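Structure file work-v4.txt with compact mmCIF, C-alpha atoms:
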```
# COMPACT_ATOMS: atom_id res chain seq x y z
CA MET E 123 49.98 51.31 -54.70
CA ILE E 124 47.86 49.22 -52.31
CA GLY E 125 46.91 52.36 -50.40
CA ARG E 126 45.71 54.05 -53.57
CA LEU E 127 43.67 51.00 -54.57
CA ALA E 128 42.14 50.84 -51.08
CA GLY E 129 41.32 54.54 -51.28
CA LEU E 130 39.75 54.11 -54.72
CA ALA E 131 37.71 51.11 -53.52
CA THR E 132 36.51 53.11 -50.51
CA LEU E 133 35.55 56.02 -52.76
CA ILE E 134 33.59 53.68 -55.06
CA LEU E 135 31.78 52.06 -52.11
CA VAL E 136 30.87 55.43 -50.60
CA GLY E 137 29.67 56.67 -54.00
CA ALA E 138 27.52 53.56 -54.48
CA TRP E 139 26.08 53.97 -50.97
CA ILE E 140 25.26 57.63 -51.67
CA ALA E 141 23.61 56.78 -55.00
CA PHE E 142 21.71 53.61 -54.10
CA LEU E 143 21.51 53.04 -50.32
CA ARG E 144 21.36 56.54 -48.81
CA PRO E 145 18.54 56.64 -46.22
CA THR E 146 15.33 58.47 -47.08
CA ILE E 147 15.99 60.87 -44.19
CA PHE E 148 18.94 62.17 -46.27
CA GLY E 149 16.93 62.26 -49.49
CA GLY E 150 17.96 58.79 -50.64
CA PRO E 151 15.97 55.83 -51.91
CA ALA E 152 16.60 53.36 -49.04
CA THR E 153 14.77 52.62 -45.80
CA TYR E 154 16.54 50.82 -42.95
CA LEU E 155 14.41 48.60 -40.72
CA LEU E 156 15.31 46.49 -37.68
CA VAL E 157 13.15 43.36 -37.41
CA SER E 158 11.90 42.65 -33.89
CA GLY E 159 9.44 39.78 -34.32
CA GLN E 160 9.41 36.20 -35.59
CA SER E 161 6.51 36.53 -38.03
CA MET E 162 8.79 36.31 -41.10
CA GLU E 163 10.95 33.38 -39.97
CA PRO E 164 12.64 31.44 -41.54
CA THR E 165 12.89 34.06 -44.34
CA ILE E 166 13.92 36.97 -42.08
CA HIS E 167 14.96 36.43 -38.46
CA ALA E 168 14.41 38.71 -35.48
CA GLY E 169 17.37 41.05 -34.96
CA SER E 170 18.08 41.43 -38.68
CA LEU E 171 18.70 44.75 -40.35
CA VAL E 172 16.71 44.99 -43.59
CA ILE E 173 17.57 47.60 -46.22
CA LEU E 174 14.56 48.34 -48.42
CA VAL E 175 14.19 50.23 -51.68
CA GLY E 176 10.84 51.42 -53.02
CA ALA E 177 9.36 50.38 -56.36
CA SER E 178 6.64 51.79 -58.59
CA SER E 179 4.45 48.69 -58.16
CA TYR E 180 4.26 45.56 -56.02
CA HIS E 181 2.83 42.12 -56.69
CA ARG E 182 1.65 38.97 -54.95
CA GLY E 183 4.40 36.89 -53.32
CA GLU E 184 6.70 39.86 -52.78
CA VAL E 185 8.06 40.67 -49.28
CA VAL E 186 7.51 44.33 -48.44
CA ALA E 187 7.62 46.60 -45.43
CA TYR E 188 4.76 49.02 -44.86
CA ARG E 189 3.78 51.72 -42.42
CA ILE E 190 0.54 51.16 -40.54
CA PRO E 191 -1.86 53.84 -41.85
CA ASP E 192 -2.95 56.89 -39.86
CA GLY E 193 -6.11 56.53 -37.79
CA ASP E 194 -5.15 53.10 -36.45
CA PRO E 195 -4.01 52.74 -32.81
CA ALA E 196 -0.69 51.31 -34.09
CA SER E 197 -0.24 54.00 -36.77
CA GLY E 198 3.32 54.88 -37.63
CA LEU E 199 4.71 51.41 -36.84
CA ASN E 200 6.41 49.43 -39.60
CA VAL E 201 5.57 45.83 -40.52
CA ILE E 202 7.49 43.55 -42.88
CA HIS E 203 5.31 40.80 -44.41
CA ARG E 204 4.53 39.11 -47.70
CA ILE E 205 1.79 40.24 -50.13
CA THR E 206 -0.76 37.41 -50.49
CA GLY E 207 -3.41 39.23 -52.49
CA GLY E 208 -5.24 42.47 -53.13
CA SER E 209 -4.07 45.47 -55.11
CA GLY E 210 -2.26 48.75 -54.60
CA GLU E 211 -5.46 50.77 -55.03
CA ALA E 212 -7.84 48.71 -52.86
CA GLY E 213 -5.15 47.58 -50.39
CA PHE E 214 -2.88 44.56 -50.26
CA ILE E 215 -3.63 41.47 -48.18
CA MET E 216 -0.54 40.83 -46.06
CA ARG E 217 0.68 37.85 -44.03
CA GLY E 218 3.89 36.85 -42.30
CA ASP E 219 5.64 33.65 -43.42
CA ASN E 220 5.44 32.25 -39.87
CA THR E 221 1.73 33.03 -39.28
CA ASN E 222 -1.57 31.58 -40.44
CA ALA E 223 -3.65 34.74 -40.18
CA THR E 224 -3.62 37.73 -42.50
CA ASP E 225 -2.84 41.21 -41.19
CA LEU E 226 -5.63 43.50 -40.03
CA TRP E 227 -4.24 46.33 -42.14
CA ARG E 228 -4.61 46.67 -45.89
CA PRO E 229 -1.74 48.92 -46.99
CA ARG E 230 -1.93 50.71 -50.30
CA THR E 231 1.02 51.41 -52.57
CA ASP E 232 1.69 54.75 -50.83
CA ASP E 233 1.99 52.99 -47.44
CA ILE E 234 4.70 50.59 -48.63
CA LEU E 235 8.29 51.50 -47.74
CA GLY E 236 9.89 49.09 -50.19
CA THR E 237 11.17 45.59 -50.85
CA PRO E 238 14.29 44.10 -49.21
CA VAL E 239 17.55 44.61 -51.10
CA PHE E 240 19.85 43.45 -48.29
CA VAL E 241 19.15 41.49 -45.12
CA ILE E 242 21.90 41.53 -42.50
CA PRO E 243 21.12 38.84 -39.90
CA GLY E 244 22.06 39.51 -36.28
CA ALA E 245 22.74 43.22 -36.78
CA MET E 246 20.53 44.42 -33.91
CA PRO E 247 22.94 43.64 -31.01
CA VAL E 248 25.80 45.37 -32.84
CA LEU E 249 23.68 48.46 -33.61
CA LEU E 250 22.36 48.63 -30.05
CA PHE E 251 25.93 48.40 -28.74
CA LEU E 252 27.06 51.22 -31.05
CA ARG E 253 24.09 53.34 -29.86
CA SER E 254 24.94 52.80 -26.18
CA PRO E 255 25.75 55.96 -24.19
CA ILE E 256 29.28 54.82 -23.31
CA ILE E 257 30.21 54.34 -26.99
CA ILE E 258 28.69 57.65 -28.07
CA ALA E 259 30.37 59.49 -25.16
CA SER E 260 33.71 57.83 -25.96
CA LEU E 261 33.50 58.86 -29.61
CA ALA E 262 32.53 62.42 -28.65
CA ALA E 263 35.43 62.62 -26.18
CA ALA E 264 37.91 61.23 -28.71
CA LEU E 265 36.74 63.70 -31.36
CA SER E 266 36.94 66.61 -28.89
CA ILE E 267 40.47 65.67 -27.83
CA TYR E 268 41.54 65.27 -31.45
CA LEU E 269 40.14 68.70 -32.35
CA LEU E 270 41.64 70.40 -29.28
CA LEU E 271 45.09 68.90 -29.81
CA GLY E 272 44.90 69.72 -33.49
CA LEU E 273 44.04 73.36 -32.82
CA TRP E 274 46.58 73.87 -30.01
CA GLY E 275 49.37 72.04 -31.77
CA ALA E 276 48.85 73.65 -35.18
CA PRO E 277 51.70 75.89 -36.37
CA SER E 278 50.94 79.58 -36.66
CA THR E 279 50.13 80.71 -40.15
CA ALA E 280 50.18 84.42 -39.34
CA VAL E 281 52.11 86.54 -41.86
CA ARG E 282 54.46 89.10 -40.38
CA LYS E 283 54.43 92.55 -41.91
CA GLU E 284 57.63 94.47 -42.40
CA PRO E 285 58.01 97.69 -40.42
CA ALA E 286 57.04 100.88 -42.20
CA GLY E 287 59.86 102.52 -44.13
CA VAL E 288 62.22 99.53 -44.01
CA SER E 289 62.86 97.42 -47.06
CA ALA E 290 62.72 93.63 -46.84
CA THR E 291 66.22 93.36 -48.36
CA ARG E 292 67.77 95.53 -45.63
CA LEU E 293 65.95 93.59 -42.90
CA ARG E 294 67.15 90.28 -44.33
CA ALA E 295 70.73 91.49 -44.40
CA ASN E 296 70.57 92.80 -40.81
CA GLN E 297 68.34 90.27 -39.04
CA GLY E 298 68.43 87.09 -41.08
CA ASP E 299 65.24 85.38 -42.17
CA TRP E 300 62.91 87.07 -39.67
CA TRP E 301 59.70 86.12 -41.48
CA ARG E 302 60.11 82.33 -40.98
```
The structure given in the file should be rewritten as structure tokens.
Amino acid sequence: MIGRLAGLATLILVGAWIAFLRPTIFGGPATYLLVSGQSMEPTIHAGSLVILVGASSYHRGEVVAYRIPDGDPASGLNVIHRITGGSGEAGFIMRGDNTNATDLWRPRTDDILGTPVFVIPGAMPVLLFLRSPIIIASLAAALSIYLLLGLWGAPSTAVRKEPAGVSATRLRANQGDWWR
């Protein structure tokens, strides 16, 4: 009974992740961002994993992550800061909680990746460890061994055909259960 409940809970969690937190790279609504600076402390610390979901509009006081627009030397980088003014059409005025100066960039609504839904502090060391070559190689080796042992150790599922002109009843009587 406990196993079935655990299986059901796992199925529900996976379904919720697929529906609400699937990364945009897989066609989902969520963006995953690792924070590397201290500009948002004490709200968000360096090394945190932030899961963001986009909205139709954004307002002053909201923490958002945005992509630096094309044409800028830092284009393509992501920044997570608070909206302090502006508008989605003209560009938002952005500033980190731990800074006194506003950002040079004025992102528009299309540049914003989303607002934080979850913040997982201290996730960066764990994720970097899991991305290390020794861990990836170990997982690949374990999967390869599992697949090889599974294929070599699998019972044969080939179906034997009875010889031409001989009935199965006669063969069973003379040779026993030859098809097993």
Do you know which residues are at most 7 Å from segment 232-249 of chain E counting only C-alpha atoms, after dropping those on the same chain fewer than 5 positions away, and could you put them as a compact mmCIF listing (two decimals) with C-alpha atoms, in the coordinates of the input?
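See around.txt below for the written result:
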```txt
# COMPACT_ATOMS: atom_id res chain seq x y z
CA THR E 153 14.77 52.62 -45.80
CA LEU E 156 15.31 46.49 -37.68
CA HIS E 167 14.96 36.43 -38.46
CA GLY E 169 17.37 41.05 -34.96
CA SER E 170 18.08 41.43 -38.68
CA LEU E 171 18.70 44.75 -40.35
CA VAL E 172 16.71 44.99 -43.59
CA ILE E 173 17.57 47.60 -46.22
CA LEU E 174 14.56 48.34 -48.42
CA VAL E 175 14.19 50.23 -51.68
CA GLY E 176 10.84 51.42 -53.02
CA ALA E 177 9.36 50.38 -56.36
CA VAL E 185 8.06 40.67 -49.28
CA VAL E 186 7.51 44.33 -48.44
CA ALA E 187 7.62 46.60 -45.43
CA TYR E 188 4.76 49.02 -44.86
CA ARG E 189 3.78 51.72 -42.42
CA PRO E 191 -1.86 53.84 -41.85
```
Just want the 6 Å neighbourhood of segment 216-219 of chain E, counted on only C-alpha atoms, with same-chain residues fewer than 4 positions away dropped. Output as a PDB file with C-alpha atoms, in the frame of the given file.
```
ATOM      1  CA  SER E 161       6.510  36.530 -38.030  1.00  0.00           C
ATOM      2  CA  MET E 162       8.790  36.310 -41.100  1.00  0.00           C
ATOM      3  CA  HIS E 203       5.310  40.800 -44.410  1.00  0.00           C
ATOM      4  CA  ARG E 204       4.530  39.110 -47.700  1.00  0.00           C
ATOM      5  CA  ILE E 205       1.790  40.240 -50.130  1.00  0.00           C
ATOM      6  CA  THR E 206      -0.760  37.410 -50.490  1.00  0.00           C
ATOM      7  CA  THR E 224      -3.620  37.730 -42.500  1.00  0.00           C
ATOM      8  CA  ASP E 225      -2.840  41.210 -41.190  1.00  0.00           C
TER       9      ASP E 225
END
```
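Note that atom CA of Arg228 of chain E and atom CA of Ile190 of chain E are 8.7 Å apart.
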Coordinates-based distance that separates atom CA of Thr231 of chain E from atom CA of Ser179 of chain E (Å, one decimal):
7.1 Å
Computed interatomic separation between atom CA of Ile147 of chain E and atom CA of Ile166 of chain E (Å):
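Between atom CA of Ile147 of chain E and atom CA of Ile166 of chain E the gap is 24.1 Å.
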Would you give the centre and edge lengths, in Å to one decimal, of a box along x, y and z around the listed atoms of segment 245-258 of chain E, with 3 Å added to each side, as AutoDock Vina command-line options?
```
--center_x 25.4 --center_y 50.4 --center_z -30.0 --size_x 15.7 --size_y 20.4 --size_z 19.5
```
Set the distance at 9 Å and use all atoms listed in the file: which residues neighbour His181 of chain E once local chain neighbours fewer than 2 positions away are removed? I'd like the list as a ChimeraX atom specification.
/E:179,183-184,205-210,214
N, CA and C atoms restored at segment 238-272 of chain E, emitted as an mmCIF file, in the frame of the given file:
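Saved file out10.cif follows:
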```cif
data_model
loop_
_atom_site.group_PDB
_atom_site.id
_atom_site.type_symbol
_atom_site.label_atom_id
_atom_site.label_comp_id
_atom_site.auth_asym_id
_atom_site.auth_seq_id
_atom_site.Cartn_x
_atom_site.Cartn_y
_atom_site.Cartn_z
ATOM 1 N N PRO E 238 12.924 44.304 -49.703
ATOM 2 C CA PRO E 238 14.290 44.100 -49.210
ATOM 3 C C PRO E 238 15.319 43.977 -50.334
ATOM 4 N N VAL E 239 16.415 44.702 -50.189
ATOM 5 C CA VAL E 239 17.550 44.610 -51.100
ATOM 6 C C VAL E 239 18.666 43.826 -50.401
ATOM 7 N N PHE E 240 18.874 44.138 -49.115
ATOM 8 C CA PHE E 240 19.850 43.450 -48.290
ATOM 9 C C PHE E 240 19.211 43.074 -46.967
ATOM 10 N N VAL E 241 19.552 41.905 -46.458
ATOM 11 C CA VAL E 241 19.150 41.490 -45.120
ATOM 12 C C VAL E 241 20.434 41.107 -44.388
ATOM 13 N N ILE E 242 20.693 41.793 -43.279
ATOM 14 C CA ILE E 242 21.900 41.530 -42.500
ATOM 15 C C ILE E 242 21.457 40.881 -41.193
ATOM 16 N N PRO E 243 21.569 39.542 -41.108
ATOM 17 C CA PRO E 243 21.120 38.840 -39.900
ATOM 18 C C PRO E 243 21.978 39.198 -38.690
ATOM 19 N N GLY E 244 21.343 39.278 -37.527
ATOM 20 C CA GLY E 244 22.060 39.510 -36.280
ATOM 21 C C GLY E 244 22.653 40.893 -36.119
ATOM 22 N N ALA E 245 22.183 41.875 -36.853
ATOM 23 C CA ALA E 245 22.740 43.220 -36.780
ATOM 24 C C ALA E 245 22.258 44.008 -35.560
ATOM 25 N N MET E 246 21.115 43.629 -34.987
ATOM 26 C CA MET E 246 20.530 44.420 -33.910
ATOM 27 C C MET E 246 21.463 44.533 -32.689
ATOM 28 N N PRO E 247 22.066 43.459 -32.174
ATOM 29 C CA PRO E 247 22.940 43.640 -31.010
ATOM 30 C C PRO E 247 24.121 44.579 -31.288
ATOM 31 N N VAL E 248 24.682 44.501 -32.480
ATOM 32 C CA VAL E 248 25.800 45.370 -32.840
ATOM 33 C C VAL E 248 25.342 46.829 -32.879
ATOM 34 N N LEU E 249 24.194 47.089 -33.516
ATOM 35 C CA LEU E 249 23.680 48.460 -33.610
ATOM 36 C C LEU E 249 23.293 49.003 -32.240
ATOM 37 N N LEU E 250 22.698 48.175 -31.402
ATOM 38 C CA LEU E 250 22.360 48.630 -30.050
ATOM 39 C C LEU E 250 23.613 48.929 -29.238
ATOM 40 N N PHE E 251 24.667 48.133 -29.418
ATOM 41 C CA PHE E 251 25.930 48.400 -28.740
ATOM 42 C C PHE E 251 26.513 49.736 -29.201
ATOM 43 N N LEU E 252 26.510 49.972 -30.517
ATOM 44 C CA LEU E 252 27.060 51.220 -31.050
ATOM 45 C C LEU E 252 26.249 52.438 -30.615
ATOM 46 N N ARG E 253 24.953 52.239 -30.320
ATOM 47 C CA ARG E 253 24.090 53.340 -29.860
ATOM 48 C C ARG E 253 24.168 53.556 -28.361
ATOM 49 N N SER E 254 24.904 52.701 -27.637
ATOM 50 C CA SER E 254 24.940 52.800 -26.180
ATOM 51 C C SER E 254 25.621 54.115 -25.766
ATOM 52 N N PRO E 255 25.195 54.675 -24.635
ATOM 53 C CA PRO E 255 25.750 55.960 -24.190
ATOM 54 C C PRO E 255 27.262 55.948 -24.013
ATOM 55 N N ILE E 256 27.832 54.858 -23.537
ATOM 56 C CA ILE E 256 29.280 54.820 -23.310
ATOM 57 C C ILE E 256 30.052 54.912 -24.623
ATOM 58 N N ILE E 257 29.548 54.290 -25.678
ATOM 59 C CA ILE E 257 30.210 54.340 -26.990
ATOM 60 C C ILE E 257 30.088 55.739 -27.584
ATOM 61 N N ILE E 258 28.893 56.310 -27.527
ATOM 62 C CA ILE E 258 28.690 57.650 -28.070
ATOM 63 C C ILE E 258 29.519 58.677 -27.305
ATOM 64 N N ALA E 259 29.567 58.568 -25.964
ATOM 65 C CA ALA E 259 30.370 59.490 -25.160
ATOM 66 C C ALA E 259 31.858 59.314 -25.460
ATOM 67 N N SER E 260 32.303 58.077 -25.644
ATOM 68 C CA SER E 260 33.710 57.830 -25.960
ATOM 69 C C SER E 260 34.089 58.435 -27.313
ATOM 70 N N LEU E 261 33.232 58.269 -28.295
ATOM 71 C CA LEU E 261 33.500 58.860 -29.610
ATOM 72 C C LEU E 261 33.508 60.384 -29.554
ATOM 73 N N ALA E 262 32.568 60.960 -28.800
ATOM 74 C CA ALA E 262 32.530 62.420 -28.650
ATOM 75 C C ALA E 262 33.784 62.923 -27.942
ATOM 76 N N ALA E 263 34.220 62.219 -26.905
ATOM 77 C CA ALA E 263 35.430 62.620 -26.180
ATOM 78 C C ALA E 263 36.656 62.511 -27.076
ATOM 79 N N ALA E 264 36.764 61.411 -27.816
ATOM 80 C CA ALA E 264 37.910 61.230 -28.710
ATOM 81 C C ALA E 264 37.949 62.314 -29.781
ATOM 82 N N LEU E 265 36.812 62.655 -30.347
ATOM 83 C CA LEU E 265 36.740 63.700 -31.360
ATOM 84 C C LEU E 265 37.112 65.056 -30.761
ATOM 85 N N SER E 266 36.620 65.334 -29.560
ATOM 86 C CA SER E 266 36.940 66.610 -28.890
ATOM 87 C C SER E 266 38.432 66.719 -28.619
ATOM 88 N N ILE E 267 39.031 65.655 -28.113
ATOM 89 C CA ILE E 267 40.470 65.670 -27.830
ATOM 90 C C ILE E 267 41.256 65.844 -29.122
ATOM 91 N N TYR E 268 40.864 65.148 -30.155
ATOM 92 C CA TYR E 268 41.540 65.270 -31.450
ATOM 93 C C TYR E 268 41.476 66.714 -31.952
ATOM 94 N N LEU E 269 40.292 67.316 -31.882
ATOM 95 C CA LEU E 269 40.140 68.700 -32.350
ATOM 96 C C LEU E 269 40.940 69.669 -31.493
ATOM 97 N N LEU E 270 40.902 69.498 -30.169
ATOM 98 C CA LEU E 270 41.640 70.400 -29.280
ATOM 99 C C LEU E 270 43.146 70.274 -29.501
ATOM 100 N N LEU E 271 43.656 69.073 -29.579
ATOM 101 C CA LEU E 271 45.090 68.900 -29.810
ATOM 102 C C LEU E 271 45.480 69.416 -31.191
ATOM 103 N N GLY E 272 44.621 69.230 -32.146
ATOM 104 C CA GLY E 272 44.900 69.720 -33.490
ATOM 105 C C GLY E 272 44.948 71.233 -33.543
#
```
